[in-house]
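Peer 1: Let me give you the structure first, and then I'll get to my questions.
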Amino acid sequence: MRFRLGVVTGFAGGYYLGTRAGRERYEQINKALRRARGSETFEAVADKTKAVVEERVDAARDRVDSARDTAEELIDSRLGNGQSEGPDPS
């Protein structure tokens with residue numbers, strides 16, 4: 001389903017940007033886009049898309065944090081069980 005939506009969106013965008021049908025057709029397309037943007041369906045899809053993107057960003061942040069923690073633990077274990085690297089303060 002997502003692939004089809006992407007193909008349709010890509011086709012519509014390409015046609016919109018690359019059309020050579022003249023100003024009248026351009027105005028028709030713009031009018032249809034304005035009408036679509038104002039619809040409840042468009043707003044619902046936009047809200048759902050934003051929610052999915054936010055969810056994926058949060059998941060990616062969690063993975064990065066987890067990888068950072070794992071790397072820090074590995075570094076600490078290689079340096080001597082939590083002791084910092086550097087000169088001895090005594």
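We label chains A, B, ... in the order they appear in the structure tokens, count residues from 1 in each chain, and number ligands from 1 in the order shown.
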Run DSSP on the backbone and give me the residues of chain A it puts in helix (DSSP H, G or I), as number ranges by chain.
Peer 2: A: 2-18, 23-37, 40-80
Peer 1: For range 10-18 of chain A, work out the shell of residues within 8 Å, counting only C-alpha atoms and skipping chain neighbours fewer than 4 positions away, then give it as a list in words.
Peer 2: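 Residues meeting the cut-off are Gly6, Tyr26 and Ile29 of chain A.
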Peer 1: One decimal, Å: what's the distance from CA of Thr9 in chain A over to CA of Val53 in chain A, could you say?
Peer 2: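 Computed distance, CA of Thr9 in chain A to CA of Val53 in chain A, equals 17.7 Å.
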